[in-house]
Every structure is written in C-alpha cells, then in structure tokens.
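Coordinates as given in target10.txt (compact mmCIF, C-alpha atoms):
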```
# COMPACT_ATOMS: atom_id res chain seq x y z
CA MET A 116 66.77 99.08 170.72
CA ILE A 117 69.88 101.22 170.25
CA GLY A 118 71.94 98.10 169.51
CA ASN A 119 69.45 96.93 166.88
CA PHE A 120 69.45 100.38 165.25
CA ALA A 121 73.25 100.38 165.10
CA THR A 122 73.28 96.92 163.55
CA ALA A 123 70.75 98.01 160.92
CA SER A 124 72.78 101.12 160.17
CA ASN A 125 75.93 99.06 159.74
CA LYS A 126 74.13 96.74 157.33
CA LYS A 127 72.87 99.68 155.27
CA ALA A 128 76.36 101.16 155.16
CA ALA A 129 77.81 97.84 154.03
CA ILE A 130 75.21 97.46 151.29
CA LEU A 131 75.81 101.03 150.12
CA ALA A 132 79.58 100.47 150.03
CA PHE A 133 79.10 97.26 148.04
CA LEU A 134 76.89 99.02 145.49
CA LEU A 135 79.39 101.87 145.08
CA LEU A 136 82.24 99.40 144.59
CA SER A 137 80.25 97.47 141.99
CA ILE A 138 79.44 100.64 140.05
CA THR A 139 83.11 101.69 140.12
CA LEU A 140 84.31 98.32 138.85
CA PHE A 141 81.67 98.25 136.12
CA SER A 142 82.62 101.73 134.97
CA ALA A 143 86.32 100.85 134.92
CA CYS A 144 85.70 97.71 132.87
CA SER A 145 83.38 99.42 130.40
CA SER A 146 85.86 102.23 129.77
CA THR A 147 88.75 99.97 128.76
CA LYS A 148 89.44 99.19 125.10
CA PRO A 149 88.11 95.92 123.69
CA ALA A 150 90.20 92.89 124.52
CA GLN A 151 91.89 90.95 121.74
CA ARG A 152 89.50 88.51 120.14
CA LYS A 153 90.12 84.79 120.09
CA GLN A 154 91.20 83.30 116.79
CA SER A 155 88.21 82.26 114.70
CA LYS A 156 87.91 78.71 113.39
CA GLU A 157 85.89 79.93 110.40
CA PHE A 158 87.47 79.44 106.96
CA ALA A 159 88.82 82.80 105.79
CA LYS A 160 87.42 84.07 102.51
CA GLY A 161 89.12 87.33 101.83
CA GLY A 162 90.03 90.21 99.65
CA ASP A 163 93.00 92.57 99.66
CA VAL A 164 91.21 95.87 99.02
CA SER A 165 94.03 98.32 99.68
CA TRP A 166 93.13 100.32 96.55
CA LEU A 167 89.58 100.90 97.78
CA PRO A 168 90.04 104.27 99.57
CA GLN A 169 91.74 105.75 96.48
CA MET A 170 89.09 104.32 94.17
CA GLU A 171 86.38 105.93 96.27
CA ALA A 172 88.27 109.24 96.53
CA SER A 173 88.57 109.37 92.74
CA GLY A 174 84.81 108.95 92.35
CA PHE A 175 84.62 105.29 91.34
CA LYS A 176 81.15 103.90 92.00
CA PHE A 177 80.44 100.35 93.11
CA TYR A 178 77.20 98.59 92.26
CA ASN A 179 75.72 95.38 93.62
CA ASP A 180 74.34 92.54 91.51
CA GLN A 181 71.04 94.41 91.13
CA GLY A 182 72.81 97.49 89.79
CA VAL A 183 72.24 99.56 92.93
CA GLU A 184 75.13 101.71 94.18
CA GLU A 185 76.42 100.34 97.48
CA ASP A 186 79.40 100.28 99.83
CA CYS A 187 82.02 98.02 98.28
CA LEU A 188 82.64 96.24 101.58
CA LYS A 189 78.95 95.45 101.84
CA ILE A 190 78.98 94.01 98.32
CA LEU A 191 82.00 91.88 99.17
CA LYS A 192 80.41 90.67 102.41
CA ASP A 193 77.24 89.71 100.55
CA HIS A 194 79.43 87.56 98.29
CA GLY A 195 80.88 85.60 101.19
CA ILE A 196 83.98 87.69 101.96
CA ASN A 197 84.70 87.69 105.72
CA THR A 198 88.33 88.86 105.76
CA ILE A 199 90.05 92.05 104.59
CA ARG A 200 93.79 92.18 103.87
CA LEU A 201 95.58 95.54 103.86
CA ARG A 202 99.11 96.36 102.76
CA THR A 203 101.13 99.01 104.51
CA PHE A 204 104.01 101.07 103.09
CA VAL A 205 106.57 102.99 105.17
CA ASN A 206 106.58 106.49 103.58
CA PRO A 207 104.44 106.17 100.46
CA SER A 208 103.80 108.70 97.71
CA ASN A 209 100.34 109.99 96.80
CA ASP A 210 100.27 108.00 93.57
CA LYS A 211 96.77 106.53 93.45
CA ARG A 212 97.92 103.08 92.30
CA SER A 213 101.43 102.67 93.75
CA GLY A 214 101.27 104.95 96.78
CA HIS A 215 99.07 105.58 99.83
CA CYS A 216 98.72 102.67 102.32
CA SER A 217 100.42 104.71 105.05
CA LYS A 218 100.07 103.74 108.70
CA GLU A 219 97.22 106.19 109.19
CA GLU A 220 95.36 105.07 106.06
CA THR A 221 95.83 101.41 106.91
CA VAL A 222 94.49 101.89 110.44
CA ALA A 223 91.46 103.84 109.18
CA MET A 224 90.64 101.12 106.66
CA ALA A 225 91.12 98.36 109.23
CA VAL A 226 88.71 100.10 111.62
CA ARG A 227 86.15 100.50 108.85
CA ALA A 228 86.41 96.85 107.81
CA GLN A 229 86.22 95.60 111.39
CA LYS A 230 83.04 97.63 111.94
CA MET A 231 81.59 95.70 109.00
CA GLY A 232 82.30 92.47 110.87
CA MET A 233 85.38 91.60 108.84
CA ARG A 234 88.49 89.85 110.12
CA ILE A 235 91.76 91.69 109.46
CA MET A 236 95.10 90.75 107.90
CA ILE A 237 97.97 93.26 107.71
CA ASP A 238 100.69 92.95 105.07
CA PHE A 239 103.99 94.71 105.88
CA HIS A 240 105.91 95.43 102.66
CA TYR A 241 108.86 97.11 104.41
CA SER A 242 109.20 99.47 101.48
CA ASP A 243 107.78 102.82 100.37
CA SER A 244 105.92 101.08 97.55
CA TRP A 245 105.45 97.60 96.10
CA ALA A 246 107.61 94.77 97.43
CA ASP A 247 107.40 91.55 95.42
CA PRO A 248 109.68 88.94 93.78
CA GLY A 249 110.99 91.55 91.34
CA LYS A 250 111.80 94.25 93.89
CA GLN A 251 112.31 94.64 97.63
CA LYS A 252 113.52 98.23 97.80
CA LYS A 253 114.59 99.53 101.17
CA PRO A 254 112.56 102.53 102.45
CA ALA A 255 114.25 105.84 101.66
CA ALA A 256 114.39 106.78 105.35
CA TRP A 257 116.37 103.62 106.09
CA GLN A 258 119.00 104.10 103.39
CA GLY A 259 122.55 104.24 104.72
CA HIS A 260 121.64 102.62 108.03
CA THR A 261 123.89 99.98 109.53
CA PHE A 262 122.47 96.48 109.92
CA PRO A 263 121.84 96.95 113.67
CA GLN A 264 119.98 100.16 112.79
CA LEU A 265 117.92 98.27 110.21
CA LEU A 266 116.91 95.75 112.85
CA ASP A 267 115.68 98.64 115.00
CA ASP A 268 113.93 100.17 111.98
CA VAL A 269 111.96 96.99 111.35
CA TYR A 270 111.02 96.57 115.00
CA ASN A 271 110.05 100.20 115.58
CA TYR A 272 108.06 100.58 112.37
CA THR A 273 106.22 97.30 112.89
CA ALA A 274 105.50 98.13 116.53
CA GLY A 275 104.31 101.61 115.54
CA VAL A 276 101.71 100.31 113.09
CA MET A 277 100.61 97.52 115.44
CA THR A 278 100.27 99.96 118.35
CA ALA A 279 98.20 102.35 116.24
CA LEU A 280 95.90 99.46 115.31
CA LYS A 281 95.65 98.35 118.94
CA THR A 282 94.86 101.90 120.09
CA SER A 283 91.99 101.91 117.59
CA GLY A 284 90.72 98.59 118.92
CA VAL A 285 91.98 96.45 116.02
CA TYR A 286 93.94 93.27 116.70
CA PRO A 287 94.68 91.66 113.31
CA GLU A 288 94.16 87.92 113.15
CA TRP A 289 97.10 87.62 110.77
CA VAL A 290 100.13 89.78 110.04
CA GLN A 291 102.63 89.26 107.24
CA VAL A 292 106.31 90.00 107.77
CA GLY A 293 107.24 90.84 104.20
CA ASN A 294 105.36 90.42 100.94
CA GLU A 295 106.27 87.72 98.39
CA THR A 296 109.84 87.25 99.62
CA PRO A 297 111.37 84.35 97.63
CA GLY A 298 114.59 86.39 97.37
CA GLY A 299 114.29 87.99 100.79
CA MET A 300 113.32 91.55 101.75
CA ILE A 301 114.90 94.96 102.45
CA TYR A 302 117.67 94.60 99.89
CA PRO A 303 120.57 94.16 99.94
CA GLU A 304 120.98 93.26 103.62
CA GLY A 305 117.95 90.97 103.73
CA LYS A 306 118.56 88.93 100.60
CA THR A 307 118.39 85.14 100.79
CA SER A 308 122.07 85.13 99.87
CA ASN A 309 122.51 86.18 103.50
CA TRP A 310 119.87 84.12 105.29
CA LYS A 311 121.38 84.79 108.69
CA GLN A 312 120.57 88.50 108.37
CA LEU A 313 117.21 87.86 106.69
CA ALA A 314 116.13 85.69 109.62
CA GLN A 315 117.12 88.42 112.07
CA LEU A 316 115.02 90.97 110.19
CA ILE A 317 112.06 88.57 110.10
CA ASN A 318 112.38 87.91 113.82
CA LYS A 319 112.40 91.62 114.65
CA GLY A 320 109.08 91.93 112.83
CA TYR A 321 107.73 88.84 114.57
CA ASP A 322 108.77 90.09 118.01
CA ALA A 323 107.18 93.51 117.46
CA ILE A 324 103.89 91.92 116.39
CA LYS A 325 103.73 89.51 119.32
CA ALA A 326 104.66 92.22 121.83
CA THR A 327 101.63 94.22 120.75
CA SER A 328 99.13 91.57 119.69
CA PRO A 329 100.19 88.15 121.04
CA ARG A 330 97.38 86.19 119.36
CA SER A 331 98.05 87.54 115.89
CA LYS A 332 99.46 84.81 113.67
CA VAL A 333 102.60 85.79 111.77
CA ILE A 334 102.76 84.81 108.09
CA LEU A 335 105.81 84.40 105.87
CA HIS A 336 104.83 84.70 102.22
CA VAL A 337 106.32 83.21 99.04
CA ASP A 338 104.92 83.33 95.50
CA GLN A 339 104.24 80.47 93.02
CA GLY A 340 102.29 78.33 95.45
CA ASN A 341 102.35 75.41 93.02
CA ASN A 342 106.18 75.37 93.00
CA SER A 343 107.14 72.83 95.65
CA PRO A 344 110.95 73.04 95.20
CA ARG A 345 110.79 76.82 95.63
CA PHE A 346 108.96 76.44 98.95
CA LYS A 347 111.08 73.58 100.28
CA SER A 348 114.28 75.49 99.65
CA TRP A 349 112.97 78.70 101.23
CA PHE A 350 111.39 77.21 104.34
CA ASP A 351 114.25 74.75 104.88
CA SER A 352 116.52 77.79 105.09
CA ALA A 353 114.04 79.57 107.35
CA THR A 354 114.15 76.55 109.66
CA VAL A 355 117.93 76.32 109.68
CA HIS A 356 118.27 80.01 110.53
CA LYS A 357 115.48 79.92 113.12
CA ALA A 358 113.14 82.40 111.47
CA LYS A 359 109.99 82.70 113.59
CA TYR A 360 106.49 82.43 112.10
CA ASP A 361 103.11 80.72 112.51
CA VAL A 362 101.65 80.39 109.01
CA ILE A 363 103.02 79.68 105.53
CA GLY A 364 101.43 82.07 103.04
CA LEU A 365 101.28 81.29 99.34
CA SER A 366 100.43 83.27 96.21
CA TYR A 367 98.74 81.43 93.35
CA TYR A 368 98.33 83.19 90.00
CA PRO A 369 98.11 80.73 87.09
CA TYR A 370 98.09 83.72 84.73
CA TRP A 371 101.61 84.74 85.77
CA LEU A 372 103.12 81.28 85.32
CA LYS A 373 105.23 80.71 82.20
CA GLY A 374 103.00 80.49 79.16
CA ASN A 375 99.86 81.62 81.07
CA PRO A 376 98.65 78.03 81.49
CA ASP A 377 95.12 77.19 82.55
CA TYR A 378 94.75 76.62 86.28
CA THR A 379 93.85 72.97 85.69
CA LEU A 380 97.50 72.30 84.83
CA SER A 381 98.83 73.49 88.22
CA ILE A 382 95.98 73.16 90.73
CA ASN A 383 97.01 69.67 91.85
CA ASP A 384 100.58 70.90 92.37
CA LEU A 385 99.17 73.64 94.59
CA GLY A 386 97.23 71.08 96.62
CA ASP A 387 100.25 68.82 96.97
CA ASN A 388 102.43 71.73 98.08
CA LEU A 389 99.87 72.90 100.65
CA ASN A 390 99.77 69.43 102.16
CA ASP A 391 103.55 69.07 102.11
CA MET A 392 104.17 72.45 103.75
CA ALA A 393 101.71 71.72 106.55
CA SER A 394 103.19 68.28 107.16
CA ARG A 395 106.87 69.08 106.65
CA TYR A 396 107.00 72.15 108.90
CA GLY A 397 104.03 71.55 111.19
CA LYS A 398 102.51 74.91 110.24
CA GLU A 399 99.14 76.18 109.10
CA VAL A 400 98.92 77.26 105.46
CA MET A 401 96.94 79.91 103.64
CA VAL A 402 96.64 81.21 100.06
CA VAL A 403 97.08 84.90 100.81
CA GLU A 404 96.97 86.04 97.18
CA VAL A 405 95.05 84.63 94.23
CA GLY A 406 93.57 86.07 91.06
CA GLY A 407 92.28 85.25 87.61
CA GLU A 408 91.53 87.11 84.39
CA ASP A 409 88.60 89.49 84.65
CA THR A 410 87.66 88.73 81.04
CA LYS A 411 87.23 85.03 81.89
CA PRO A 412 84.92 85.15 84.92
CA ASP A 413 83.65 81.59 84.48
CA ASN A 414 87.20 80.21 84.44
CA THR A 415 88.20 82.38 87.41
CA TYR A 416 85.12 81.19 89.28
CA ASP A 417 86.10 77.55 88.68
CA MET A 418 89.68 78.26 89.72
CA LEU A 419 88.61 79.91 92.97
CA VAL A 420 86.31 77.02 93.86
CA ALA A 421 89.17 74.59 93.20
CA VAL A 422 91.66 76.61 95.27
CA GLN A 423 89.28 76.73 98.22
CA GLN A 424 88.75 72.99 97.96
CA LYS A 425 92.51 72.36 98.01
CA VAL A 426 93.02 74.56 101.08
CA ARG A 427 90.07 73.03 102.92
CA ALA A 428 91.45 69.56 102.18
CA VAL A 429 94.71 70.15 104.08
CA PRO A 430 94.68 67.61 106.95
CA ASN A 431 93.95 68.51 110.56
CA GLY A 432 92.29 71.81 109.69
CA LYS A 433 95.62 73.46 108.84
CA GLY A 434 94.28 75.12 105.70
CA LEU A 435 93.09 78.51 106.93
CA GLY A 436 91.66 80.31 103.92
CA VAL A 437 91.96 82.05 100.55
CA ILE A 438 92.45 85.79 99.87
CA TYR A 439 91.73 87.38 96.47
CA TRP A 440 94.10 90.22 95.58
CA GLU A 441 92.17 93.42 94.80
CA PRO A 442 88.90 91.78 93.69
CA GLN A 443 87.28 95.23 93.46
CA GLY A 444 90.24 96.73 91.54
CA ALA A 445 88.43 97.13 88.22
CA LYS A 446 90.71 97.39 85.19
CA SER A 447 88.97 100.60 84.09
CA TRP A 448 90.45 102.28 87.19
CA SER A 449 93.60 100.29 87.97
CA GLY A 450 94.76 98.93 84.63
CA TYR A 451 94.99 95.57 86.43
CA GLY A 452 93.44 92.67 84.55
CA LEU A 453 93.01 90.14 87.35
CA SER A 454 90.22 91.72 89.39
CA ALA A 455 86.76 90.24 89.89
CA TRP A 456 84.96 93.43 88.87
CA GLY A 457 83.42 94.34 85.55
CA SER A 458 83.43 97.53 83.50
CA ASP A 459 79.81 98.05 84.62
CA GLY A 460 80.98 98.63 88.19
CA LYS A 461 79.53 95.33 89.37
CA PRO A 462 81.26 92.16 90.61
CA THR A 463 81.68 89.41 88.04
CA LYS A 464 80.54 85.83 88.46
CA ALA A 465 84.04 85.01 89.76
CA LEU A 466 83.25 86.56 93.13
CA ASP A 467 80.33 84.16 93.61
CA ALA A 468 82.93 81.43 94.23
CA PHE A 469 83.22 82.68 97.81
CA LEU A 470 79.57 81.81 98.41
CA LYS A 471 80.42 78.13 98.01
```

As structure tokens, the full file:
Amino acid sequence: MIGNFATASNKKAAILAFLLLSITLFSACSSTKPAQRKQSKEFAKGGDVSWLPQMEASGFKFYNDQGVEEDCLKILKDHGINTIRLRTFVNPSNDKRSGHCSKEETVAMAVRAQKMGMRIMIDFHYSDSWADPGKQKKPAAWQGHTFPQLLDDVYNYTAGVMTALKTSGVYPEWVQVGNETPGGMIYPEGKTSNWKQLAQLINKGYDAIKATSPRSKVILHVDQGNNSPRFKSWFDSATVHKAKYDVIGLSYYPYWLKGNPDYTLSINDLGDNLNDMASRYGKEVMVVEVGGEDTKPDNTYDMLVAVQQKVRAVPNGKGLGVIYWEPQGAKSWSGYGLSAWGSDGKPTKALDAFLK
C-alpha cells in the first residue's frame, strides 16, 4: 500500500513538473518578437508613399472612389496595392517635400503599413535629401571623412535603421542600397569613375542588411529601365568589381525620356531589358519606380498594365513586381505631376491598373 502510494505520488509530481515546463516554454516563445517572414511568391504591386505622413500632417484628406474620406493605405490596398516602399534620409530637414524620412519616421511608417498587411521595401538614399541621377550628395555628418570612415558610416547607418525596424518587428522583403545610381552614390568617393570604391560602399550596405535581416533581398537600382546599354555597362562593372546584390531594380518613366515620348515607343525596350538582365546576370528583376502623367489617367492606366505584363513575362518567375512612385502624391500638395491622384482627393483611373 505504501509503495503504491509513493508510486502514485511520483507520477503526480512528474505530471506537475511537465505541465510547469510546458507553460514556461510557451510563455518564453510567446514573448519573443515575431520571426522573419518567408519571402512571398505573390507579385508585388506597390507604391512609394514616403510623402504620406507629411500630407496627413498638413491636413490633406484622402477620399475613396465613393467620395468617402478614408485612410490612404486602405484606399491603396483596395486598389490592389500589396507593397509599400519607403525612402530613408540620414539627417533630413523638416521641409515637407524634400525632408523628413528619418530613421524614426521610416520605422513608424513601416510598422503602420505592415499592420495593414503590406509588404515592405526600404530605399536607402545615403544622403540628407534626394539622391538620384542628378545628385548623390554625401550626408553633412559624413563630410571630411576618410574612405575607411565612409565605409563604417554606410555600415553603421544601414545597420542602425535595419535594427530599429527589426526591434519593431519589421523585416523588409526588399532593401535598396542606393537610389537611382547610374553614376554611383555618395559623391565623390562612390562615383562610377572609381568602381572599386563604389563596390566597397555597396557591399558595406549589403553586409549590414544581411547581418540584421538575412532574408531581405538587396536591390541595386538604375534609372531608364528601357535603356539596355546603360544597364549592361553598369551591371557588367558591378560584376567585375564583385558588388553584392540579389535583385536588379529599374525605374521606368516615359515622361522623363527625351521628347516625352508615349510609353508605346519604349515599352518593348523595357521588356527586352528585363529579360536580358535576368538572363545575363542570373538575377531577379523589379520595376521599383514607375509613373505617368496625372492629367492622362487613361494613358497611365494602359502604361501600368503594360509594365506589369512585361515584368510578369520575365522567364522563370524572375519578374518580382512593379512599384508606383508616390501614387497618392497629388499635384495640389506636392507640385508633382506624375501621381495617380486627382484634385478631388480621389485616386484616378490609373490606380485601377493594379487590380488587373
């Protein structure tokens, strides 16, 4: 009898210990931050909406197709947008159009977009304001630094933004190292006239991204996506100098091409270049910036449908998606004429192209 009682007591103790261990493990797992998501196979239909917080702060109102005031991100999502791209500046001013986009603002916007079910792309400009083919100005805080110091600057700044995102539970699916860099970035040290140094700067950004968010795909981004010679020259040099990246990003703005030609005159060149880039370098490709005239919504709609078709047609699923640059950036607020938003505060027909 005593032996049986002891055995029963031991069994109860073992069961109790097991239950306590299970509760402890469950609590530990539930308290950790969300793990990095797997890459989605879904075609990315996106918008760079980095102006949005400033538009809202200034009192701009967004209305859906029915004329009802609504969250801009909700309106975009209802038009097929599943991806949000956000630029980040190093030490920006408070200028509503050319400033903001600090680390803190970028993280806050990324968290908000992710809560809406959006996928996230981060675009490092490595400047205090716009970086593009016409300018790649070094951040003021980095002026006078030696090249080794610049390498550390790029790594530390990139890692700082990526860590802040990670701490907030955001692991971007894509991250750009530089924005529209046909001539390089962080001038003068990172010009294409010194590709050896440019590649080192790129690789510091790449390493910082992968150290924080290993599954994030790193994009290198060049403008004039229809210009095959421009891309061959740039990515041949990137290959020679061992620049590290995962995705080739292209801009495509027919409006900004010489003579403002209709998209029908360059769309096949875009398709051919997408196919060539994917085949030549064995990389995935993505149109990370596109836009058309807000006063020609039917034409912009047709252009966007055609661009998506060209990206989807890249063999072996290597065409990842299409991102509209500031679709919500109405000209009445921004002065920018290539949005997909009307003066009535509602999206134009152009945005419906992402429902295709």

**Item:** Residues within 9 Å of Asp322 (chain A), only C-alpha atoms, excluding chain neighbours under 6 positions, as a list in words
**Value:** Tyr270, Ala274 and Lys359 of chain A

**Prompt:** Which residues, written as a PyMOL selection string, have at least one atom at most 8 Å from Gly407 (chain A), with all atoms listed in the file counted and residues fewer than 6 positions away on the same chain left out?
**Reply:** chain A and resi 368-370+414-415+418+453-455

**Complete:** CA of Gly195 (chain A) to CA of Ala225 (chain A) measures 18.2 Å

Take the point (88.5, 80.8, 91.2) as written in the file and pick out every residue within 12 Å of it, counting only C-alpha atoms; give the list as a short mmCIF file (atom, residue, chain, number, x, y, z; two decimals) with C-alpha atoms, keeping the file's coordinate frame.
```
data_model
loop_
_atom_site.label_atom_id
_atom_site.label_comp_id
_atom_site.auth_asym_id
_atom_site.auth_seq_id
_atom_site.Cartn_x
_atom_site.Cartn_y
_atom_site.Cartn_z
CA LYS A 160 87.42 84.07 102.51
CA TYR A 367 98.74 81.43 93.35
CA TYR A 368 98.33 83.19 90.00
CA PRO A 369 98.11 80.73 87.09
CA TYR A 370 98.09 83.72 84.73
CA ASP A 377 95.12 77.19 82.55
CA TYR A 378 94.75 76.62 86.28
CA THR A 379 93.85 72.97 85.69
CA ILE A 382 95.98 73.16 90.73
CA GLU A 404 96.97 86.04 97.18
CA VAL A 405 95.05 84.63 94.23
CA GLY A 406 93.57 86.07 91.06
CA GLY A 407 92.28 85.25 87.61
CA GLU A 408 91.53 87.11 84.39
CA ASP A 409 88.60 89.49 84.65
CA LYS A 411 87.23 85.03 81.89
CA PRO A 412 84.92 85.15 84.92
CA ASP A 413 83.65 81.59 84.48
CA ASN A 414 87.20 80.21 84.44
CA THR A 415 88.20 82.38 87.41
CA TYR A 416 85.12 81.19 89.28
CA ASP A 417 86.10 77.55 88.68
CA MET A 418 89.68 78.26 89.72
CA LEU A 419 88.61 79.91 92.97
CA VAL A 420 86.31 77.02 93.86
CA ALA A 421 89.17 74.59 93.20
CA VAL A 422 91.66 76.61 95.27
CA GLN A 423 89.28 76.73 98.22
CA GLN A 424 88.75 72.99 97.96
CA LYS A 425 92.51 72.36 98.01
CA VAL A 437 91.96 82.05 100.55
CA ILE A 438 92.45 85.79 99.87
CA TYR A 439 91.73 87.38 96.47
CA TRP A 440 94.10 90.22 95.58
CA PRO A 442 88.90 91.78 93.69
CA LEU A 453 93.01 90.14 87.35
CA SER A 454 90.22 91.72 89.39
CA ALA A 455 86.76 90.24 89.89
CA THR A 463 81.68 89.41 88.04
CA LYS A 464 80.54 85.83 88.46
CA ALA A 465 84.04 85.01 89.76
CA LEU A 466 83.25 86.56 93.13
CA ASP A 467 80.33 84.16 93.61
CA ALA A 468 82.93 81.43 94.23
CA PHE A 469 83.22 82.68 97.81
CA LEU A 470 79.57 81.81 98.41
CA LYS A 471 80.42 78.13 98.01
#
```

**Asked** Which polymer residues, protein or nucleic acid, are no farther than 8 Å from (83.4, 88.3, 104.9), counting only C-alpha atoms, as a ChimeraX atom specification?
**Response** /A:159-161,191-199,232-234

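One distance worth recording is that between CA of Val362 (chain A) and CA of Lys398 (chain A), which is 5.7 Å.
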
Would you tabulate, counting all atoms listed in the file, all residues of region 241-313 of chain A that have an atom at most 12 Å from an atom of region 340-346 of chain A, showing the closest pair of atoms and their distance in Å to one decimal, sorted by chain then ascending number, as a Markdown table?
```
| residue | atom | partner | partner_atom | distance |
| --- | --- | --- | --- | --- |
| A:Glu295 | CA | A:Gly340 | CA | 10.6 |
| A:Thr296 | CA | A:Phe346 | CA | 10.9 |
| A:Pro297 | CA | A:Arg345 | CA | 7.8 |
| A:Gly298 | CA | A:Arg345 | CA | 10.4 |
```

Generate the output file for the selected residues, C-alpha atoms, as a JSON list (two decimals), keeping the file's coordinate frame.
```json
[["chain", "number", "residue", "atom", "x", "y", "z"],
["A", 295, "GLU", "CA", 106.27, 87.72, 98.39],
["A", 296, "THR", "CA", 109.84, 87.25, 99.62],
["A", 297, "PRO", "CA", 111.37, 84.35, 97.63],
["A", 298, "GLY", "CA", 114.59, 86.39, 97.37]]
```
